Structure formats: C-alpha cells, structure tokens
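The structure file run.txt is reproduced below (compact mmCIF, N, CA and C atoms).
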# COMPACT_ATOMS: atom_id res chain seq x y z
N MET A 93 76.08 -112.05 30.52
CA MET A 93 75.04 -111.08 30.82
C MET A 93 73.78 -111.86 31.25
N ASP A 94 73.11 -111.36 32.23
CA ASP A 94 71.87 -111.96 32.72
C ASP A 94 70.72 -111.46 31.85
N LEU A 95 70.35 -112.26 30.85
CA LEU A 95 69.31 -111.83 29.90
C LEU A 95 67.95 -111.68 30.56
N ASP A 96 67.66 -112.50 31.55
CA ASP A 96 66.37 -112.35 32.25
C ASP A 96 66.29 -111.01 32.96
N ALA A 97 67.38 -110.60 33.61
CA ALA A 97 67.40 -109.30 34.28
C ALA A 97 67.29 -108.17 33.27
N LEU A 98 67.97 -108.31 32.13
CA LEU A 98 67.90 -107.30 31.09
C LEU A 98 66.49 -107.18 30.54
N LYS A 99 65.84 -108.31 30.30
CA LYS A 99 64.45 -108.30 29.81
C LYS A 99 63.53 -107.60 30.81
N ALA A 100 63.71 -107.92 32.08
CA ALA A 100 62.88 -107.29 33.12
C ALA A 100 63.12 -105.78 33.14
N GLN A 101 64.38 -105.35 33.03
CA GLN A 101 64.69 -103.92 33.02
C GLN A 101 64.08 -103.23 31.82
N LEU A 102 64.25 -103.82 30.63
CA LEU A 102 63.69 -103.21 29.42
C LEU A 102 62.16 -103.15 29.49
N THR A 103 61.55 -104.18 30.03
CA THR A 103 60.09 -104.19 30.17
C THR A 103 59.64 -103.09 31.13
N ARG A 104 60.40 -102.89 32.22
CA ARG A 104 60.07 -101.79 33.14
C ARG A 104 60.19 -100.45 32.45
N HIS A 105 61.25 -100.26 31.67
CA HIS A 105 61.49 -98.97 31.04
C HIS A 105 60.58 -98.71 29.84
N GLU A 106 60.37 -99.72 29.04
CA GLU A 106 59.58 -99.56 27.81
C GLU A 106 58.09 -99.82 28.03
N GLY A 107 57.79 -100.68 28.99
CA GLY A 107 56.42 -101.14 29.16
C GLY A 107 56.14 -102.30 28.21
N LEU A 108 55.07 -102.97 28.46
CA LEU A 108 54.65 -104.08 27.61
C LEU A 108 53.27 -103.75 27.08
N ARG A 109 53.18 -103.56 25.78
CA ARG A 109 51.90 -103.22 25.16
C ARG A 109 51.59 -104.26 24.10
N LEU A 110 50.42 -104.86 24.19
CA LEU A 110 50.06 -105.94 23.29
C LEU A 110 49.28 -105.45 22.06
N LYS A 111 49.01 -104.18 22.03
CA LYS A 111 48.37 -103.58 20.86
C LYS A 111 49.23 -102.41 20.40
N PRO A 112 49.24 -102.13 19.11
CA PRO A 112 50.08 -101.04 18.60
C PRO A 112 49.72 -99.70 19.23
N TYR A 113 50.74 -98.90 19.41
CA TYR A 113 50.57 -97.55 19.95
C TYR A 113 51.63 -96.65 19.32
N ARG A 114 51.46 -95.36 19.48
CA ARG A 114 52.45 -94.39 18.98
C ARG A 114 53.37 -94.01 20.14
N ASP A 115 54.67 -94.14 19.91
CA ASP A 115 55.61 -93.74 20.97
C ASP A 115 55.73 -92.22 21.01
N THR A 116 56.62 -91.72 21.85
CA THR A 116 56.74 -90.27 22.03
C THR A 116 57.19 -89.55 20.76
N LEU A 117 57.79 -90.27 19.83
CA LEU A 117 58.20 -89.67 18.55
C LEU A 117 57.20 -89.93 17.43
N GLY A 118 56.10 -90.61 17.77
CA GLY A 118 55.06 -90.88 16.78
C GLY A 118 55.25 -92.17 16.01
N HIS A 119 56.23 -92.98 16.37
CA HIS A 119 56.46 -94.24 15.67
C HIS A 119 55.46 -95.29 16.14
N LEU A 120 54.94 -96.05 15.20
CA LEU A 120 54.07 -97.16 15.55
C LEU A 120 54.91 -98.22 16.26
N THR A 121 54.48 -98.60 17.45
CA THR A 121 55.27 -99.45 18.33
C THR A 121 54.39 -100.53 18.93
N ILE A 122 54.99 -101.67 19.30
CA ILE A 122 54.23 -102.75 19.93
C ILE A 122 55.18 -103.54 20.83
N GLY A 123 54.60 -104.34 21.72
CA GLY A 123 55.40 -105.21 22.57
C GLY A 123 56.21 -104.41 23.57
N VAL A 124 57.48 -104.74 23.67
CA VAL A 124 58.40 -104.02 24.56
C VAL A 124 59.24 -103.09 23.69
N GLY A 125 58.62 -101.99 23.25
CA GLY A 125 59.34 -100.97 22.49
C GLY A 125 59.73 -101.34 21.07
N ARG A 126 59.08 -102.32 20.44
CA ARG A 126 59.42 -102.68 19.05
C ARG A 126 58.88 -101.60 18.12
N ASN A 127 59.79 -100.89 17.46
CA ASN A 127 59.44 -99.82 16.54
C ASN A 127 59.02 -100.45 15.21
N LEU A 128 57.73 -100.56 15.01
CA LEU A 128 57.22 -101.16 13.77
C LEU A 128 57.45 -100.26 12.57
N SER A 129 57.44 -98.95 12.80
CA SER A 129 57.60 -98.02 11.69
C SER A 129 58.97 -98.15 11.02
N GLU A 130 60.01 -98.33 11.82
CA GLU A 130 61.36 -98.38 11.26
C GLU A 130 61.97 -99.78 11.25
N VAL A 131 61.65 -100.59 12.24
CA VAL A 131 62.25 -101.92 12.34
C VAL A 131 61.36 -102.99 11.72
N GLY A 132 60.06 -102.85 11.93
CA GLY A 132 59.12 -103.85 11.42
C GLY A 132 59.25 -105.16 12.17
N ILE A 133 58.96 -106.27 11.49
CA ILE A 133 59.14 -107.59 12.07
C ILE A 133 59.85 -108.46 11.05
N SER A 134 60.46 -109.51 11.53
CA SER A 134 61.16 -110.43 10.62
C SER A 134 60.16 -111.40 10.00
N GLU A 135 60.61 -112.08 8.97
CA GLU A 135 59.76 -113.10 8.34
C GLU A 135 59.42 -114.19 9.36
N ALA A 136 60.39 -114.58 10.16
CA ALA A 136 60.15 -115.61 11.18
C ALA A 136 59.09 -115.15 12.18
N GLU A 137 59.16 -113.88 12.57
CA GLU A 137 58.15 -113.34 13.50
C GLU A 137 56.77 -113.30 12.84
N ALA A 138 56.72 -112.91 11.58
CA ALA A 138 55.45 -112.88 10.85
C ALA A 138 54.85 -114.28 10.76
N LEU A 139 55.69 -115.28 10.50
CA LEU A 139 55.19 -116.65 10.39
C LEU A 139 54.78 -117.20 11.75
N ALA A 140 55.47 -116.78 12.82
CA ALA A 140 55.06 -117.19 14.17
C ALA A 140 53.70 -116.59 14.51
N LEU A 141 53.48 -115.34 14.12
CA LEU A 141 52.16 -114.72 14.33
C LEU A 141 51.09 -115.44 13.53
N LEU A 142 51.42 -115.81 12.30
CA LEU A 142 50.48 -116.55 11.46
C LEU A 142 50.10 -117.88 12.13
N ASP A 143 51.10 -118.62 12.60
CA ASP A 143 50.83 -119.89 13.28
C ASP A 143 49.90 -119.67 14.47
N ALA A 144 50.17 -118.65 15.27
CA ALA A 144 49.34 -118.37 16.44
C ALA A 144 47.91 -117.99 16.03
N ASP A 145 47.78 -117.19 14.97
CA ASP A 145 46.46 -116.77 14.50
C ASP A 145 45.66 -117.95 13.95
N ILE A 146 46.34 -118.86 13.26
CA ILE A 146 45.66 -120.05 12.75
C ILE A 146 45.14 -120.89 13.91
N GLN A 147 45.97 -121.09 14.93
CA GLN A 147 45.54 -121.88 16.09
C GLN A 147 44.39 -121.21 16.83
N THR A 148 44.40 -119.88 16.91
CA THR A 148 43.30 -119.15 17.52
C THR A 148 42.00 -119.37 16.75
N ALA A 149 42.08 -119.32 15.42
CA ALA A 149 40.89 -119.55 14.59
C ALA A 149 40.38 -120.97 14.77
N ILE A 150 41.27 -121.95 14.78
CA ILE A 150 40.85 -123.35 14.95
C ILE A 150 40.18 -123.55 16.31
N ARG A 151 40.81 -123.02 17.36
CA ARG A 151 40.21 -123.16 18.71
C ARG A 151 38.83 -122.50 18.77
N GLY A 152 38.71 -121.35 18.15
CA GLY A 152 37.43 -120.65 18.14
C GLY A 152 36.36 -121.42 17.40
N LEU A 153 36.72 -121.99 16.25
CA LEU A 153 35.75 -122.81 15.50
C LEU A 153 35.38 -124.05 16.29
N ASP A 154 36.37 -124.67 16.96
CA ASP A 154 36.08 -125.84 17.80
C ASP A 154 35.08 -125.50 18.89
N LEU A 155 35.23 -124.33 19.49
CA LEU A 155 34.33 -123.92 20.58
C LEU A 155 32.93 -123.57 20.09
N ARG A 156 32.86 -122.83 18.99
CA ARG A 156 31.58 -122.32 18.51
C ARG A 156 30.79 -123.32 17.68
N MET A 157 31.46 -124.20 16.95
CA MET A 157 30.75 -125.15 16.09
C MET A 157 31.57 -126.43 15.96
N PRO A 158 31.56 -127.26 16.99
CA PRO A 158 32.37 -128.48 17.00
C PRO A 158 32.14 -129.37 15.78
N TRP A 159 30.97 -129.31 15.18
CA TRP A 159 30.66 -130.15 14.02
C TRP A 159 31.57 -129.88 12.84
N TRP A 160 32.22 -128.74 12.81
CA TRP A 160 33.06 -128.40 11.66
C TRP A 160 34.18 -129.42 11.47
N GLN A 161 34.57 -130.10 12.55
CA GLN A 161 35.64 -131.10 12.46
C GLN A 161 35.20 -132.34 11.68
N THR A 162 33.90 -132.48 11.42
CA THR A 162 33.41 -133.62 10.63
C THR A 162 33.59 -133.37 9.12
N LEU A 163 33.91 -132.14 8.76
CA LEU A 163 34.11 -131.81 7.34
C LEU A 163 35.47 -132.31 6.88
N ASP A 164 35.61 -132.45 5.57
CA ASP A 164 36.91 -132.84 5.02
C ASP A 164 37.91 -131.70 5.21
N GLU A 165 39.16 -132.02 5.02
CA GLU A 165 40.25 -131.08 5.28
C GLU A 165 40.14 -129.80 4.45
N VAL A 166 39.79 -129.91 3.20
CA VAL A 166 39.72 -128.72 2.32
C VAL A 166 38.64 -127.77 2.79
N ARG A 167 37.49 -128.28 3.15
CA ARG A 167 36.41 -127.40 3.62
C ARG A 167 36.75 -126.80 4.99
N ARG A 168 37.46 -127.56 5.82
CA ARG A 168 37.93 -126.99 7.10
C ARG A 168 38.93 -125.87 6.83
N MET A 169 39.80 -126.07 5.84
CA MET A 169 40.75 -125.01 5.47
C MET A 169 40.01 -123.75 5.04
N ALA A 170 38.94 -123.92 4.28
CA ALA A 170 38.16 -122.77 3.84
C ALA A 170 37.56 -122.02 5.03
N LEU A 171 37.07 -122.76 6.02
CA LEU A 171 36.49 -122.11 7.20
C LEU A 171 37.56 -121.41 8.03
N VAL A 172 38.73 -121.99 8.14
CA VAL A 172 39.81 -121.32 8.88
C VAL A 172 40.22 -120.05 8.15
N ASP A 173 40.31 -120.11 6.83
CA ASP A 173 40.64 -118.93 6.03
C ASP A 173 39.60 -117.84 6.27
N LEU A 174 38.34 -118.21 6.25
CA LEU A 174 37.26 -117.25 6.48
C LEU A 174 37.36 -116.67 7.89
N ALA A 175 37.60 -117.52 8.89
CA ALA A 175 37.72 -117.06 10.27
C ALA A 175 38.93 -116.15 10.43
N PHE A 176 40.01 -116.46 9.72
CA PHE A 176 41.19 -115.62 9.75
C PHE A 176 40.85 -114.22 9.24
N ASN A 177 39.98 -114.16 8.24
CA ASN A 177 39.62 -112.89 7.61
C ASN A 177 38.60 -112.10 8.42
N VAL A 178 37.55 -112.76 8.92
CA VAL A 178 36.45 -112.04 9.57
C VAL A 178 36.29 -112.37 11.05
N GLY A 179 37.14 -113.26 11.57
CA GLY A 179 37.00 -113.68 12.96
C GLY A 179 35.96 -114.78 13.09
N VAL A 180 36.06 -115.53 14.16
CA VAL A 180 35.11 -116.64 14.37
C VAL A 180 33.69 -116.10 14.52
N GLU A 181 33.53 -115.01 15.24
CA GLU A 181 32.19 -114.43 15.38
C GLU A 181 31.65 -113.99 14.03
N GLY A 182 32.53 -113.49 13.17
CA GLY A 182 32.11 -113.13 11.82
C GLY A 182 31.64 -114.35 11.05
N VAL A 183 32.34 -115.46 11.19
CA VAL A 183 31.92 -116.70 10.52
C VAL A 183 30.52 -117.09 10.98
N MET A 184 30.25 -116.90 12.26
CA MET A 184 28.94 -117.28 12.80
C MET A 184 27.80 -116.49 12.16
N SER A 185 28.11 -115.35 11.58
CA SER A 185 27.06 -114.54 10.94
C SER A 185 26.66 -115.10 9.57
N PHE A 186 27.41 -116.06 9.04
CA PHE A 186 27.09 -116.70 7.76
C PHE A 186 26.13 -117.86 8.03
N ARG A 187 25.00 -117.57 8.64
CA ARG A 187 24.09 -118.61 9.13
C ARG A 187 23.61 -119.57 8.04
N ARG A 188 23.16 -119.05 6.91
CA ARG A 188 22.66 -119.92 5.85
C ARG A 188 23.76 -120.80 5.27
N MET A 189 24.94 -120.21 5.09
CA MET A 189 26.05 -120.99 4.58
C MET A 189 26.40 -122.11 5.55
N LEU A 190 26.44 -121.79 6.84
CA LEU A 190 26.80 -122.79 7.84
C LEU A 190 25.76 -123.89 7.94
N MET A 191 24.49 -123.53 7.84
CA MET A 191 23.44 -124.56 7.88
C MET A 191 23.60 -125.52 6.71
N ALA A 192 23.85 -124.99 5.52
CA ALA A 192 24.04 -125.83 4.34
C ALA A 192 25.31 -126.67 4.46
N LEU A 193 26.36 -126.07 4.96
CA LEU A 193 27.63 -126.79 5.13
C LEU A 193 27.47 -127.94 6.11
N ARG A 194 26.79 -127.68 7.20
CA ARG A 194 26.57 -128.72 8.21
C ARG A 194 25.75 -129.88 7.64
N ALA A 195 24.85 -129.55 6.72
CA ALA A 195 24.01 -130.58 6.08
C ALA A 195 24.70 -131.20 4.86
N HIS A 196 25.96 -130.83 4.63
CA HIS A 196 26.74 -131.32 3.49
C HIS A 196 26.10 -130.95 2.15
N GLN A 197 25.39 -129.83 2.14
CA GLN A 197 24.82 -129.28 0.91
C GLN A 197 25.81 -128.24 0.38
N TYR A 198 26.87 -128.72 -0.22
CA TYR A 198 28.01 -127.89 -0.54
C TYR A 198 27.74 -126.86 -1.63
N ASP A 199 26.92 -127.21 -2.63
CA ASP A 199 26.58 -126.23 -3.67
C ASP A 199 25.83 -125.05 -3.05
N ILE A 200 24.90 -125.36 -2.16
CA ILE A 200 24.12 -124.29 -1.51
C ILE A 200 25.03 -123.47 -0.60
N ALA A 201 25.90 -124.13 0.15
CA ALA A 201 26.81 -123.41 1.05
C ALA A 201 27.69 -122.45 0.26
N ALA A 202 28.24 -122.90 -0.86
CA ALA A 202 29.09 -122.04 -1.69
C ALA A 202 28.28 -120.87 -2.26
N ALA A 203 27.06 -121.15 -2.69
CA ALA A 203 26.21 -120.08 -3.23
C ALA A 203 25.90 -119.04 -2.15
N GLU A 204 25.62 -119.50 -0.94
CA GLU A 204 25.35 -118.56 0.16
C GLU A 204 26.57 -117.70 0.47
N LEU A 205 27.74 -118.30 0.42
CA LEU A 205 28.96 -117.53 0.64
C LEU A 205 29.07 -116.43 -0.41
N LEU A 206 28.79 -116.77 -1.66
CA LEU A 206 28.90 -115.80 -2.75
C LEU A 206 27.82 -114.72 -2.70
N LEU A 207 26.71 -115.01 -2.02
CA LEU A 207 25.63 -114.03 -1.89
C LEU A 207 25.83 -113.10 -0.69
N SER A 208 26.83 -113.36 0.11
CA SER A 208 27.03 -112.59 1.34
C SER A 208 27.58 -111.20 1.06
N LYS A 209 27.41 -110.30 2.01
CA LYS A 209 27.99 -108.97 1.93
C LYS A 209 29.51 -109.06 1.83
N TRP A 210 30.09 -110.01 2.56
CA TRP A 210 31.54 -110.23 2.54
C TRP A 210 32.05 -110.47 1.14
N ALA A 211 31.30 -111.21 0.33
CA ALA A 211 31.74 -111.56 -1.02
C ALA A 211 31.97 -110.33 -1.89
N ASN A 212 31.29 -109.23 -1.57
CA ASN A 212 31.48 -107.99 -2.32
C ASN A 212 32.58 -107.11 -1.74
N GLN A 213 33.08 -107.49 -0.55
CA GLN A 213 34.08 -106.67 0.12
C GLN A 213 35.49 -107.24 0.00
N VAL A 214 35.60 -108.52 -0.21
CA VAL A 214 36.89 -109.20 -0.20
C VAL A 214 37.44 -109.29 -1.63
N GLN A 215 38.73 -109.57 -1.74
CA GLN A 215 39.32 -109.74 -3.07
C GLN A 215 38.61 -110.88 -3.80
N PRO A 216 38.26 -110.67 -5.07
CA PRO A 216 37.56 -111.72 -5.83
C PRO A 216 38.30 -113.05 -5.83
N SER A 217 39.62 -113.05 -5.88
CA SER A 217 40.35 -114.32 -5.91
C SER A 217 40.14 -115.11 -4.61
N ARG A 218 40.09 -114.41 -3.48
CA ARG A 218 39.85 -115.10 -2.20
C ARG A 218 38.43 -115.63 -2.16
N ARG A 219 37.48 -114.80 -2.53
CA ARG A 219 36.07 -115.19 -2.54
C ARG A 219 35.86 -116.42 -3.41
N ASP A 220 36.40 -116.37 -4.62
CA ASP A 220 36.19 -117.46 -5.57
C ASP A 220 36.91 -118.74 -5.12
N THR A 221 38.08 -118.60 -4.55
CA THR A 221 38.82 -119.77 -4.06
C THR A 221 38.05 -120.45 -2.93
N LEU A 222 37.58 -119.67 -1.96
CA LEU A 222 36.86 -120.28 -0.83
C LEU A 222 35.55 -120.91 -1.29
N ALA A 223 34.84 -120.26 -2.20
CA ALA A 223 33.60 -120.84 -2.71
C ALA A 223 33.89 -122.15 -3.44
N HIS A 224 34.94 -122.18 -4.22
CA HIS A 224 35.34 -123.40 -4.94
C HIS A 224 35.68 -124.52 -3.93
N MET A 225 36.43 -124.19 -2.91
CA MET A 225 36.82 -125.18 -1.90
C MET A 225 35.58 -125.77 -1.21
N ILE A 226 34.64 -124.89 -0.87
CA ILE A 226 33.41 -125.35 -0.22
C ILE A 226 32.57 -126.19 -1.16
N ARG A 227 32.44 -125.75 -2.41
CA ARG A 227 31.60 -126.45 -3.37
C ARG A 227 32.17 -127.84 -3.71
N THR A 228 33.49 -127.91 -3.94
CA THR A 228 34.07 -129.12 -4.50
C THR A 228 34.88 -129.97 -3.52
N GLY A 229 35.33 -129.36 -2.43
CA GLY A 229 36.24 -130.09 -1.53
C GLY A 229 37.64 -130.19 -2.10
N GLU A 230 37.95 -129.34 -3.09
CA GLU A 230 39.28 -129.33 -3.72
C GLU A 230 39.88 -127.94 -3.61
N CYS A 231 41.20 -127.89 -3.50
CA CYS A 231 41.92 -126.60 -3.43
C CYS A 231 41.98 -125.95 -4.80
structure tokens encoding of this file:
Amino acid sequence: MDLDALKAQLTRHEGLRLKPYRDTLGHLTIGVGRNLSEVGISEAEALALLDADIQTAIRGLDLRMPWWQTLDEVRRMALVDLAFNVGVEGVMSFRRMLMALRAHQYDIAAAELLLSKWANQVQPSRRDTLAHMIRTGEC
C-alpha cells in the first residue's frame, strides 16, 4: 500500500487542524481526524509532545533572555518548568524575580516568585518546588 498516497487522501478528506475542534458528532478532534474524546493519545505521543514543548520553552528563553544559560542546571530547569506553565511571555512578567536571578540573588528571586500572583494560582507543591530550586540550586 502506498502510505504517502493514503496520508494525502486522508488529509484531503479529514483536513489538517493543529488546534482542537469539535467534529460533526461533537467529538473533540485534532490533527487529521484524531478523535481525542474516544481515542485520546498514546503515552509515546504524550511524551513526544512534552519533548517538543520543552524545546519550545528553551528556544523561547534563549531568545528572550540569553543570560539564563549562565545559570546552573537546576535553576534553568526551574525556569523551563515556569515557562512550560505560563509561557515564555508569562515568565517575562516576573520582572523582579528575573532581575534578582540575573544578579544571582537567589533568596530574593525565590521570595519574588512566592510573592507573585502565580504563586497563589498554582499547586502549592509546584510553587514550593520551584522556589526551592531557585533559592538553593537543588532539586
């Protein structure tokens, strides 16, 4: 079977949608007719999406604040986690935290993170873990 021809045919019939939509029966659907409501995604697909989202966050941080690469690995992990949660533009709104982090004033940076509006909206375990990582450089 010519899989390329089949893919082209299915794409013509189903369309290619990169954001979720409701099909004619009301099922949440994405891509080329993937029924998320009934089929969902596999663990491998979820992990592939995670890998892509992590790389998107890293590229965004590289573009918006190249200095972040001077931080140790644990603090970079905390920033990627934050970017994953609120987006790179969202990270940019943490101005006081970022100023302190850039100056290697880690206690102040962690305190600013905990004083943010985000800190009251996110799960306490995530908030506390990221603040700890920023403050100490340890996971």
**Prompt:** Between A:Ala136, A:Leu190, A:Ala211, A:Ala144, which one has atoms that come closest to Arg156 (chain A), using only C-alpha atoms?
**Reply:**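 Using only C-alpha atoms, the shortest distance to Arg156 (chain A) belongs to A:Leu190.
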**Asked** Could you pull out the strand (DSSP E) residues of region 100-164 of chain A from DSSP and send them as a ChimeraX atom specification?
**Response** /A:109-114,120-123,126-127
**Message:** Between atom C of Ala100 (chain A) and atom N of Gly125 (chain A), what is the distance in Å, rounded to a tenth?
**Reply:** 11.5 Å
**Request:** Please tell me which residues are no farther than 8 Å from (28.3, -137.2, 8.5) in the file, counting all atoms listed in the file, and write them as a ChimeraX atom specification.
**Result:** /A:162-163,194-196
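Atom N of Ala149 (chain A) to CA of Val172 (chain A) spans 7.2 Å [interatomic distance, one decimal].
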**Message:** I need the residues of chain A that end up classed as helix (DSSP H, G or I) by DSSP on the backbone, written out as a VMD selection string.
**Reply:** chain A and resid 95 to 106 135 to 156 158 to 162 165 to 184 187 to 194 198 to 207 209 to 213 216 to 228
**Prompt:** Please, what distance in Å, to one decimal, runs between CA of Ser185 (chain A) and atom C of Ala201 (chain A)?
**Reply:**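 Atom-to-atom, CA of Ser185 (chain A) to atom C of Ala201 (chain A), that is 13.3 Å.
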**Message:** Env of Ile122 (chain A): 10 Å cut, atoms = only C-alpha atoms, seq-sep filter 5 positions within chain, self excluded. Answer as a list in words.
**Reply:**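 Final neighbour list, sorted by chain and number: Gly107, Leu108, Arg109, Leu110, Lys111, Pro112, Tyr113, Arg114, Asp115, Asn127, Leu128 and Gly132 of chain A.
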Create the file for the chosen residues now, containing N, CA and C atoms and written as a compact mmCIF listing (two decimals), in the frame of the given file.
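part.txt, freshly written:
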# COMPACT_ATOMS: atom_id res chain seq x y z
N GLY A 107 57.79 -100.68 28.99
CA GLY A 107 56.42 -101.14 29.16
C GLY A 107 56.14 -102.30 28.21
N LEU A 108 55.07 -102.97 28.46
CA LEU A 108 54.65 -104.08 27.61
C LEU A 108 53.27 -103.75 27.08
N ARG A 109 53.18 -103.56 25.78
CA ARG A 109 51.90 -103.22 25.16
C ARG A 109 51.59 -104.26 24.10
N LEU A 110 50.42 -104.86 24.19
CA LEU A 110 50.06 -105.94 23.29
C LEU A 110 49.28 -105.45 22.06
N LYS A 111 49.01 -104.18 22.03
CA LYS A 111 48.37 -103.58 20.86
C LYS A 111 49.23 -102.41 20.40
N PRO A 112 49.24 -102.13 19.11
CA PRO A 112 50.08 -101.04 18.60
C PRO A 112 49.72 -99.70 19.23
N TYR A 113 50.74 -98.90 19.41
CA TYR A 113 50.57 -97.55 19.95
C TYR A 113 51.63 -96.65 19.32
N ARG A 114 51.46 -95.36 19.48
CA ARG A 114 52.45 -94.39 18.98
C ARG A 114 53.37 -94.01 20.14
N ASP A 115 54.67 -94.14 19.91
CA ASP A 115 55.61 -93.74 20.97
C ASP A 115 55.73 -92.22 21.01
N ASN A 127 59.79 -100.89 17.46
CA ASN A 127 59.44 -99.82 16.54
C ASN A 127 59.02 -100.45 15.21
N LEU A 128 57.73 -100.56 15.01
CA LEU A 128 57.22 -101.16 13.77
C LEU A 128 57.45 -100.26 12.57
N GLY A 132 60.06 -102.85 11.93
CA GLY A 132 59.12 -103.85 11.42
C GLY A 132 59.25 -105.16 12.17
**Asked** Using all atoms listed in the file, which of A:Val131, A:Met157, A:Leu98, A:Met169 sits nearest Leu222 (chain A)?
**Response** A:Met169
**Prompt:** Which residues come within 9 Å of region 150-153 of chain A, counting only C-alpha atoms, excluding same-chain residues fewer than 2 positions away, as a list in words?
**Reply:**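 After dropping sequence-adjacent residues, the list is Asp145, Ile146, Gln147, Thr148, Leu155, Arg156, Met157, Pro158, Trp160, Gln161, Leu171, Val172, Ala175, Gly179, Val180, Glu181 and Val183 of chain A.
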Extending 6 Å beyond the listed atoms of region 137-150 of chain A on each side, what axis-aligned box results? I want centre and edge lengths in Å to one decimal, as lines of an AutoDock Vina configuration file.
center_x = 49.7
center_y = -118.2
center_z = 14.0
size_x = 31.0
size_y = 22.7
size_z = 19.1
**Request:** Could you tell me which of A:Leu95, A:Leu142, A:Ile226, A:Leu102 comes closest to Val166 (chain A) if we count only N, CA and C atoms?
**Result:**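 Of the candidates, the smallest distance to Val166 (chain A) is held by A:Ile226.
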